Amino acid sequence: MSNLFYQGRGRKPVLDQARGVYMWDKNGRRYLDGSSGAMVCNIGHSNENVLAAMRRQMEKSTFGYRLHFETEASETLARRLAGKMPEGLDRVFFVSGGSEAVESALKLARQHALARGAPRRWKVISRRPSYHGCTLGALAVTGYAPLTEPFAPMMQQMPMIPAPRAYLEGFDPTARETGQHYADMLEARIEAEGPESVLGFILEPIGGASTGALVPPPGYLERVRAICDRFGVLLIADEVMTGAGRTGAFLGGDHWGLRPDILVMSKGLGSGYAPLGAMVADRRLVEPVLDAGGFAHGFTYAGNPLACAAGLAVMEEIDRQDLCANAAAMGEILLARLGGLMQRHEIIGDVRGKGLLTAFEFMSDRATKAPLPKHLNAHQRFVDIAYDRGLIVYSRRTRDGLEGDHVLVCPPLILNGGHIDELIDGLDGALAQLTQEIAPAMEA
Ligand code: PMP
């Protein structure tokens, strides 16, 4: 019996060490990390340069409270990060994770509305399905029923519009009209809510855990930006998963030249070396809030020098190894190879993604897009089968958390062709095993 508890009571092997794209448990079993943990370890495990930078920082100081000191580590990282942001986004607020970054963005948006004399603006529209974090504020903009429903009485659920799941809903994912169709739902929703009550719109440029690497249709993000501008609604980009090179560009939104008003990052920013997240905001938003008395928000660990030193060294590795370019190149190969698996395995109904944020979705019928029977819990079973074969992947229910199954394949960005072969072999075997296991249920 362990003193730990997470989802349930199941025990996991004890982690011993991790290097590059591999992890080993205490029994000496090796795993290929096909999901970078939870899409976190972008630069791979145990990078010597990051460890050395953290050691250097530890020898100087491990903590300086943000209201007492600025630190070189946080100041340098903020400058480096601002240099990678869309024009105008250069005010950085560090936190320890994605949920904290989302909370910070929601609160900055609200305080900005108050500072500019628009106190009736408080609604932040989001999409369904979506995931923006597990704290109650971030959960209020999360469209994923199993995670939100238990807490519904304790929070103000925000308005939602459908995520642009063209592949499921019979639209051509490559057509501009599709992008327009889904973006126009935002306009309709803002009008229905009353534009003067709408504070912001939050979205992941490329969908992560909830939608499974959902790439938006052409024109979608551009039109969303234009609609937000028309109604004075702040656009918040949740790049917690898509940031730090994951999709083959430093930011997911960079593929479309997206310019949000506030952007949040975490995961790959610290790459698992330290808990780190950031909210980056347009200076034109931050200045009025500071003029009005300051940002009434903050976490004790904000700007922790050790976490920031790790983040800075991670950023240097992303640049030094040109990991955005590698993610783009390897991602293309990986996506094509996943397409090959779809040809071999009937249970895969869709393959999608960008860079090394890729996914496949199980379906019982490709034509009708019918999901696999829910009781099979196929996504979880698939993860367990792959795990037993030494391959780590990440999965979720795909249709608002209620049914459907997708599997995210998101290895570290240091991936090479040999790793892809190994990954595809592992997936191939696991898919064959799952197909065989569920055959009796499918025939019934
Ligand atoms: N936003 C997105 C898009 C995420 O994927 C996640 C984590 N999966 C979060 C926010 C919350 O991040 P954290 O778990 O670090 O609080």
# chains A, B, ... in the order shown; residues from 1 in each chain; ligands from 1

call {"tool": "closest_atom_pairs", "arguments": {"of": "chain A", "to": "ligand 1", "cutoff": "9 Å", "atoms": "only C-alpha atoms and all ligand atoms", "output": "JSON lines"}}
result
{"residue": "A:Ala38", "atom": "CA", "partner": "ligand 1", "partner_atom_place_in_ligand_line": "8 (N)", "distance": 6.8}
{"residue": "A:Met39", "atom": "CA", "partner": "ligand 1", "partner_atom_place_in_ligand_line": "8 (N)", "distance": 7.9}
{"residue": "A:Ser96", "atom": "CA", "partner": "ligand 1", "partner_atom_place_in_ligand_line": "15 (O)", "distance": 7.5}
{"residue": "A:Gly97", "atom": "CA", "partner": "ligand 1", "partner_atom_place_in_ligand_line": "15 (O)", "distance": 3.9}
{"residue": "A:Gly98", "atom": "CA", "partner": "ligand 1", "partner_atom_place_in_ligand_line": "12 (O)", "distance": 3.2}
{"residue": "A:Ser99", "atom": "CA", "partner": "ligand 1", "partner_atom_place_in_ligand_line": "16 (O)", "distance": 3.5}
{"residue": "A:Glu100", "atom": "CA", "partner": "ligand 1", "partner_atom_place_in_ligand_line": "16 (O)", "distance": 6.2}
{"residue": "A:Ala101", "atom": "CA", "partner": "ligand 1", "partner_atom_place_in_ligand_line": "10 (C)", "distance": 7.7}
{"residue": "A:Val102", "atom": "CA", "partner": "ligand 1", "partner_atom_place_in_ligand_line": "10 (C)", "distance": 6.6}
{"residue": "A:Ser130", "atom": "CA", "partner": "ligand 1", "partner_atom_place_in_ligand_line": "3 (C)", "distance": 7.7}
{"residue": "A:Tyr131", "atom": "CA", "partner": "ligand 1", "partner_atom_place_in_ligand_line": "2 (C)", "distance": 5.6}
{"residue": "A:His132", "atom": "CA", "partner": "ligand 1", "partner_atom_place_in_ligand_line": "1 (N)", "distance": 3.7}
{"residue": "A:Gly133", "atom": "CA", "partner": "ligand 1", "partner_atom_place_in_ligand_line": "11 (C)", "distance": 3.7}
{"residue": "A:Cys134", "atom": "CA", "partner": "ligand 1", "partner_atom_place_in_ligand_line": "16 (O)", "distance": 6.3}
{"residue": "A:Thr135", "atom": "CA", "partner": "ligand 1", "partner_atom_place_in_ligand_line": "16 (O)", "distance": 7.7}
{"residue": "A:Ala138", "atom": "CA", "partner": "ligand 1", "partner_atom_place_in_ligand_line": "10 (C)", "distance": 7.6}
{"residue": "A:Thr142", "atom": "CA", "partner": "ligand 1", "partner_atom_place_in_ligand_line": "1 (N)", "distance": 8.9}
{"residue": "A:Leu203", "atom": "CA", "partner": "ligand 1", "partner_atom_place_in_ligand_line": "3 (C)", "distance": 8.3}
{"residue": "A:Glu204", "atom": "CA", "partner": "ligand 1", "partner_atom_place_in_ligand_line": "3 (C)", "distance": 6.1}
{"residue": "A:Gly207", "atom": "CA", "partner": "ligand 1", "partner_atom_place_in_ligand_line": "3 (C)", "distance": 7.4}
{"residue": "A:Gly208", "atom": "CA", "partner": "ligand 1", "partner_atom_place_in_ligand_line": "5 (O)", "distance": 5.8}
{"residue": "A:Ala209", "atom": "CA", "partner": "ligand 1", "partner_atom_place_in_ligand_line": "5 (O)", "distance": 5.8}
{"residue": "A:Ser210", "atom": "CA", "partner": "ligand 1", "partner_atom_place_in_ligand_line": "5 (O)", "distance": 8.1}
{"residue": "A:Asp238", "atom": "CA", "partner": "ligand 1", "partner_atom_place_in_ligand_line": "3 (C)", "distance": 5.5}
{"residue": "A:Glu239", "atom": "CA", "partner": "ligand 1", "partner_atom_place_in_ligand_line": "3 (C)", "distance": 6.2}
{"residue": "A:Val240", "atom": "CA", "partner": "ligand 1", "partner_atom_place_in_ligand_line": "2 (C)", "distance": 4.8}
{"residue": "A:Met241", "atom": "CA", "partner": "ligand 1", "partner_atom_place_in_ligand_line": "5 (O)", "distance": 4.9}
{"residue": "A:Thr242", "atom": "CA", "partner": "ligand 1", "partner_atom_place_in_ligand_line": "3 (C)", "distance": 7.5}
{"residue": "A:Val264", "atom": "CA", "partner": "ligand 1", "partner_atom_place_in_ligand_line": "1 (N)", "distance": 8.1}
{"residue": "A:Met265", "atom": "CA", "partner": "ligand 1", "partner_atom_place_in_ligand_line": "1 (N)", "distance": 8.0}
{"residue": "A:Ser266", "atom": "CA", "partner": "ligand 1", "partner_atom_place_in_ligand_line": "15 (O)", "distance": 6.3}
{"residue": "A:Lys267", "atom": "CA", "partner": "ligand 1", "partner_atom_place_in_ligand_line": "15 (O)", "distance": 6.4}
{"residue": "A:Pro275", "atom": "CA", "partner": "ligand 1", "partner_atom_place_in_ligand_line": "15 (O)", "distance": 8.0}
{"residue": "A:Leu276", "atom": "CA", "partner": "ligand 1", "partner_atom_place_in_ligand_line": "15 (O)", "distance": 8.2}
{"residue": "A:Gly277", "atom": "CA", "partner": "ligand 1", "partner_atom_place_in_ligand_line": "15 (O)", "distance": 7.5}

call {"tool": "residues_around", "arguments": {"residues": "A:Arg120", "least_positions_apart": "3", "cutoff": "12 Å", "atoms": "only C-alpha atoms", "output": "list in words"}}
result
Arg110, Gln111, His112, Ala113, Leu114, Ala115, Arg116, Gly117, Lys123, Glu193, Gly194, Pro195, Glu196, Ser197, Val198 and Leu199 of chain A

call {"tool": "atom_distance", "arguments": {"atom1": "atom CA of A:Ala274", "atom2": "atom CA of A:Glu317"}}
result
15.1 Å

call {"tool": "atom_distance", "arguments": {"atom1": "atom CA of A:His379", "atom2": "atom CA of A:Asp405"}}
result
5.1 Å

call {"tool": "closest_residue", "arguments": {"among": "A:Leu431, A:Val393, A:Leu413, A:Leu234", "to": "A:Ala327", "atoms": "only C-alpha atoms"}}
result
A:Leu413

call {"tool": "atom_distance", "arguments": {"atom1": "atom CA of A:Arg337", "atom2": "atom CA of A:Leu408"}}
result
14.1 Å

call {"tool": "closest_residue", "arguments": {"among": "A:Gln156, A:Ser35, A:Gln343, A:Ser271", "to": "A:Gly137", "atoms": "only C-alpha atoms"}}
result
A:Gln156

call {"tool": "closest_residue", "arguments": {"among": "A:Ala118, A:Ile385, A:Met23, A:Leu334", "to": "A:Cys41", "atoms": "only C-alpha atoms"}}
result
A:Met23

call {"tool": "residues_around", "arguments": {"residues": "A:Gly257", "least_positions_apart": "3", "cutoff": "12 Å", "atoms": "only C-alpha atoms", "output": "PDB file with N, CA and C atoms, in the first residue's frame"}}
result
ATOM      1  N   MET A  85       7.772  36.294 -28.664  1.00  0.00           N
ATOM      2  CA  MET A  85       6.327  36.505 -28.677  1.00  0.00           C
ATOM      3  C   MET A  85       5.913  37.362 -29.869  1.00  0.00           C
ATOM      4  N   PRO A  86       4.638  37.302 -30.220  1.00  0.00           N
ATOM      5  CA  PRO A  86       4.137  38.241 -31.228  1.00  0.00           C
ATOM      6  C   PRO A  86       4.346  39.677 -30.740  1.00  0.00           C
ATOM      7  N   GLU A  87       4.455  40.587 -31.659  1.00  0.00           N
ATOM      8  CA  GLU A  87       4.738  42.002 -31.365  1.00  0.00           C
ATOM      9  C   GLU A  87       3.791  42.560 -30.285  1.00  0.00           C
ATOM     10  N   PRO A 205      -4.545  27.275 -29.736  1.00  0.00           N
ATOM     11  CA  PRO A 205      -4.420  27.411 -31.198  1.00  0.00           C
ATOM     12  C   PRO A 205      -4.524  26.051 -31.900  1.00  0.00           C
ATOM     13  N   GLY A 219      -8.254  29.896 -41.955  1.00  0.00           N
ATOM     14  CA  GLY A 219      -9.011  31.132 -41.772  1.00  0.00           C
ATOM     15  C   GLY A 219      -9.654  31.258 -40.397  1.00  0.00           C
ATOM     16  N   TYR A 220      -9.709  30.156 -39.637  1.00  0.00           N
ATOM     17  CA  TYR A 220     -10.417  30.167 -38.353  1.00  0.00           C
ATOM     18  C   TYR A 220      -9.804  31.181 -37.385  1.00  0.00           C
ATOM     19  N   LEU A 221      -8.494  31.048 -37.143  1.00  0.00           N
ATOM     20  CA  LEU A 221      -7.865  31.900 -36.126  1.00  0.00           C
ATOM     21  C   LEU A 221      -7.869  33.365 -36.557  1.00  0.00           C
ATOM     22  N   GLU A 222      -7.657  33.606 -37.849  1.00  0.00           N
ATOM     23  CA  GLU A 222      -7.664  34.981 -38.346  1.00  0.00           C
ATOM     24  C   GLU A 222      -9.037  35.621 -38.110  1.00  0.00           C
ATOM     25  N   ARG A 225      -9.709  36.331 -34.444  1.00  0.00           N
ATOM     26  CA  ARG A 225      -9.014  37.558 -34.039  1.00  0.00           C
ATOM     27  C   ARG A 225      -9.829  38.791 -34.457  1.00  0.00           C
ATOM     28  N   ALA A 249       6.879  25.113 -34.367  1.00  0.00           N
ATOM     29  CA  ALA A 249       7.168  26.550 -34.311  1.00  0.00           C
ATOM     30  C   ALA A 249       7.228  26.874 -32.818  1.00  0.00           C
ATOM     31  N   PHE A 250       7.845  28.005 -32.443  1.00  0.00           N
ATOM     32  CA  PHE A 250       7.950  28.227 -30.981  1.00  0.00           C
ATOM     33  C   PHE A 250       6.564  28.265 -30.344  1.00  0.00           C
ATOM     34  N   LEU A 251       5.607  28.921 -31.017  1.00  0.00           N
ATOM     35  CA  LEU A 251       4.225  28.960 -30.528  1.00  0.00           C
ATOM     36  C   LEU A 251       3.313  28.286 -31.553  1.00  0.00           C
ATOM     37  N   GLY A 252       2.275  27.627 -31.084  1.00  0.00           N
ATOM     38  CA  GLY A 252       1.319  27.023 -32.008  1.00  0.00           C
ATOM     39  C   GLY A 252       0.704  28.074 -32.922  1.00  0.00           C
ATOM     40  N   GLY A 253       0.399  29.250 -32.343  1.00  0.00           N
ATOM     41  CA  GLY A 253      -0.245  30.315 -33.114  1.00  0.00           C
ATOM     42  C   GLY A 253       0.657  30.895 -34.199  1.00  0.00           C
ATOM     43  N   ASP A 254       1.987  30.660 -34.090  1.00  0.00           N
ATOM     44  CA  ASP A 254       2.914  31.204 -35.089  1.00  0.00           C
ATOM     45  C   ASP A 254       2.620  30.662 -36.483  1.00  0.00           C
ATOM     46  N   PRO A 260      -2.437  37.109 -30.033  1.00  0.00           N
ATOM     47  CA  PRO A 260      -3.411  37.212 -28.937  1.00  0.00           C
ATOM     48  C   PRO A 260      -3.122  38.436 -28.069  1.00  0.00           C
TER      49      PRO A 260
END

call {"tool": "closest_residue", "arguments": {"among": "A:Phe360, A:Tyr31, A:Ala53, A:Phe5", "to": "A:Asp388", "atoms": "only C-alpha atoms"}}
result
A:Tyr31

call {"tool": "closest_residue", "arguments": {"among": "A:Ala192, A:Ala367, A:Ala359, A:Leu269", "to": "A:Cys308", "atoms": "only C-alpha atoms"}}
result
A:Leu269

call {"tool": "residues_around", "arguments": {"residues": "A:Phe299", "least_positions_apart": "4", "cutoff": "10 Å", "atoms": "only C-alpha atoms", "output": "tab-separated table (two decimals) with C-alpha atoms, in the first residue's frame"}}
result
chain	number	residue	atom	x	y	z
A	65	TYR	CA	10.48	36.47	-3.02
A	66	ARG	CA	9.19	38.49	-5.96
A	94	PHE	CA	5.89	33.75	-14.06
A	95	VAL	CA	3.95	31.03	-12.27
A	96	SER	CA	4.48	27.34	-11.49
A	100	GLU	CA	-1.87	29.06	-12.49
A	104	SER	CA	-3.51	34.73	-14.01
A	303	GLY	CA	9.45	33.92	-10.58

call {"tool": "residues_around", "arguments": {"residues": "A:Arg79", "least_positions_apart": "2", "cutoff": "12 Å", "atoms": "only C-alpha atoms", "output": "PDB file with C-alpha atoms, in the first residue's frame"}}
result
ATOM      1  CA  GLU A  72      18.733  37.719 -12.975  1.00  0.00           C
ATOM      2  CA  ALA A  73      17.211  34.374 -13.876  1.00  0.00           C
ATOM      3  CA  SER A  74      13.617  35.638 -14.064  1.00  0.00           C
ATOM      4  CA  GLU A  75      14.583  38.930 -15.726  1.00  0.00           C
ATOM      5  CA  THR A  76      16.700  37.209 -18.402  1.00  0.00           C
ATOM      6  CA  LEU A  77      14.092  34.555 -19.080  1.00  0.00           C
ATOM      7  CA  LEU A  81      10.578  34.896 -23.832  1.00  0.00           C
ATOM      8  CA  ALA A  82       9.306  38.320 -24.876  1.00  0.00           C
ATOM      9  CA  GLY A  83      11.684  38.117 -27.851  1.00  0.00           C
ATOM     10  CA  LYS A  84       9.801  35.044 -29.078  1.00  0.00           C
ATOM     11  CA  MET A  85       6.327  36.505 -28.677  1.00  0.00           C
ATOM     12  CA  LEU A  89       3.407  40.884 -25.949  1.00  0.00           C
ATOM     13  CA  ASP A  90       6.311  41.694 -23.699  1.00  0.00           C
ATOM     14  CA  ARG A  91       5.036  41.787 -20.119  1.00  0.00           C
ATOM     15  CA  VAL A  92       5.753  38.468 -18.397  1.00  0.00           C
ATOM     16  CA  PHE A  93       4.323  37.053 -15.170  1.00  0.00           C
ATOM     17  CA  VAL A 280       2.666  37.010 -21.271  1.00  0.00           C
ATOM     18  CA  CYS A 308      13.542  30.396 -14.195  1.00  0.00           C
ATOM     19  CA  LEU A 312      16.318  29.784 -19.517  1.00  0.00           C
ATOM     20  CA  MET A 315      15.145  27.855 -24.048  1.00  0.00           C
TER      21      MET A 315
END

call {"tool": "closest_residue", "arguments": {"among": "A:Leu32, A:Leu372, A:Leu15, A:Ala325", "to": "A:Ala386", "atoms": "only C-alpha atoms"}}
result
A:Leu32
